[in-house]
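*Asks:* Next comes the structure file protein-v3.pdb, holding PDB, C-alpha atoms.
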```
ATOM      1  CA  MET A 848       0.000   0.000   0.000  1.00  0.00           C
ATOM      2  CA  PHE A 849       1.327   3.415  -0.984  1.00  0.00           C
ATOM      3  CA  ILE A 850       0.541   6.600   0.906  1.00  0.00           C
ATOM      4  CA  LEU A 851       0.849   9.844  -1.000  1.00  0.00           C
ATOM      5  CA  LEU A 852       2.070  12.746   1.085  1.00  0.00           C
ATOM      6  CA  GLU A 853       1.760  16.344   0.016  1.00  0.00           C
ATOM      7  CA  MET A 854       5.269  17.701  -0.097  1.00  0.00           C
ATOM      8  CA  SER A 855       6.204  21.319   0.473  1.00  0.00           C
ATOM      9  CA  LYS A 856       9.073  23.101  -1.137  1.00  0.00           C
ATOM     10  CA  ARG A 857      11.005  25.974   0.402  1.00  0.00           C
ATOM     11  CA  VAL A 858      11.284  28.861  -2.048  1.00  0.00           C
ATOM     12  CA  THR A 859      12.646  32.367  -1.587  1.00  0.00           C
ATOM     13  CA  ILE A 860      10.611  35.088  -3.283  1.00  0.00           C
ATOM     14  CA  MET A 861      10.369  38.860  -3.126  1.00  0.00           C
ATOM     15  CA  ILE A 862       6.909  40.222  -2.264  1.00  0.00           C
ATOM     16  CA  ASP A 863       6.020  43.882  -2.668  1.00  0.00           C
ATOM     17  CA  ASP A 864       5.146  45.701   0.552  1.00  0.00           C
ATOM     18  CA  ASP A 865       1.501  46.233  -0.419  1.00  0.00           C
ATOM     19  CA  LEU A 866       0.984  42.504  -1.077  1.00  0.00           C
ATOM     20  CA  ASP A 867       2.761  41.548   2.129  1.00  0.00           C
ATOM     21  CA  LYS A 868       0.434  43.851   4.062  1.00  0.00           C
ATOM     22  CA  LYS A 869      -2.649  42.282   2.450  1.00  0.00           C
ATOM     23  CA  LEU A 870      -1.406  38.770   3.202  1.00  0.00           C
ATOM     24  CA  ARG A 871      -0.646  39.663   6.828  1.00  0.00           C
ATOM     25  CA  LEU A 872      -4.106  41.219   7.239  1.00  0.00           C
ATOM     26  CA  ARG A 873      -5.662  38.060   5.812  1.00  0.00           C
ATOM     27  CA  GLN A 874      -3.507  35.993   8.185  1.00  0.00           C
ATOM     28  CA  ALA A 875      -4.690  38.071  11.172  1.00  0.00           C
ATOM     29  CA  LYS A 876      -8.314  37.593  10.081  1.00  0.00           C
ATOM     30  CA  MET A 877      -7.854  33.819   9.842  1.00  0.00           C
ATOM     31  CA  ILE A 878      -6.187  33.701  13.263  1.00  0.00           C
ATOM     32  CA  GLN A 879      -9.187  35.512  14.744  1.00  0.00           C
ATOM     33  CA  GLN A 880     -11.674  33.216  12.992  1.00  0.00           C
ATOM     34  CA  GLU A 881      -9.846  29.995  13.870  1.00  0.00           C
ATOM     35  CA  GLN A 882      -8.717  31.240  17.289  1.00  0.00           C
ATOM     36  CA  SER A 883      -5.416  29.470  16.730  1.00  0.00           C
ATOM     37  CA  SER A 884      -2.218  29.946  14.771  1.00  0.00           C
ATOM     38  CA  TYR A 885      -2.418  30.332  10.996  1.00  0.00           C
ATOM     39  CA  SER A 886       0.874  30.460   9.156  1.00  0.00           C
ATOM     40  CA  TYR A 887       1.894  33.062   6.606  1.00  0.00           C
ATOM     41  CA  SER A 888       2.815  30.207   4.252  1.00  0.00           C
ATOM     42  CA  LYS A 889      -0.673  28.754   4.516  1.00  0.00           C
ATOM     43  CA  VAL A 890      -2.255  32.128   3.705  1.00  0.00           C
ATOM     44  CA  LEU A 891       0.070  32.575   0.739  1.00  0.00           C
ATOM     45  CA  ASN A 892      -0.596  29.049  -0.593  1.00  0.00           C
ATOM     46  CA  GLU A 893      -4.369  29.421  -0.255  1.00  0.00           C
ATOM     47  CA  SER A 894      -4.273  32.785  -2.028  1.00  0.00           C
ATOM     48  CA  LEU A 895      -2.198  31.384  -4.889  1.00  0.00           C
ATOM     49  CA  ARG A 896      -4.490  28.355  -5.222  1.00  0.00           C
ATOM     50  CA  LYS A 897      -7.520  30.635  -5.626  1.00  0.00           C
ATOM     51  CA  ILE A 898      -5.794  32.630  -8.351  1.00  0.00           C
ATOM     52  CA  LEU A 899      -4.141  29.737 -10.187  1.00  0.00           C
ATOM     53  CA  LYS A 900      -7.011  27.220 -10.165  1.00  0.00           C
TER      54      LYS A 900
END
```
What would the structure in this file look like if it were written as structure tokens?
*Replies:*
Amino acid sequence: MFILLEMSKRVTIMIDDDLDKKLRLRQAKMIQQEQSSYSYSKVLNESLRKILK
């Protein structure tokens, strides 16, 4: 039996200040809604998935 694991890849990118601010605001909103931690990477990945579907 094979188990497929979703692998992450570490990538260095440059994000403009305005986009960083929007992502951090979205992260803060998710932390409030979930009442737990919500990583910047998760917010970025979810945002990219919406755009690149």
*Asks:* Between atom CA of A:Glu853 and atom CA of A:Leu895, measure the distance and give it in Å to one decimal.
*Replies:*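 Pair atom CA of A:Glu853 / atom CA of A:Leu895 returns 16.3 Å.
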*Asks:* Between atom CA of A:Leu870 and atom CA of A:Asn892, what distance in Å does the model show, to one decimal?
*Replies:*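 Value for the atom CA of A:Leu870-atom CA of A:Asn892 distance: 10.5 Å.
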*Asks:* Set the distance at 10 Å and use only C-alpha atoms: which residues neighbour A:Arg873 once local chain neighbours fewer than 6 positions away are removed? I'd like the list as an MDAnalysis selection string.
*Replies:* chainID A and resid 867 879 885 887 890:891 894
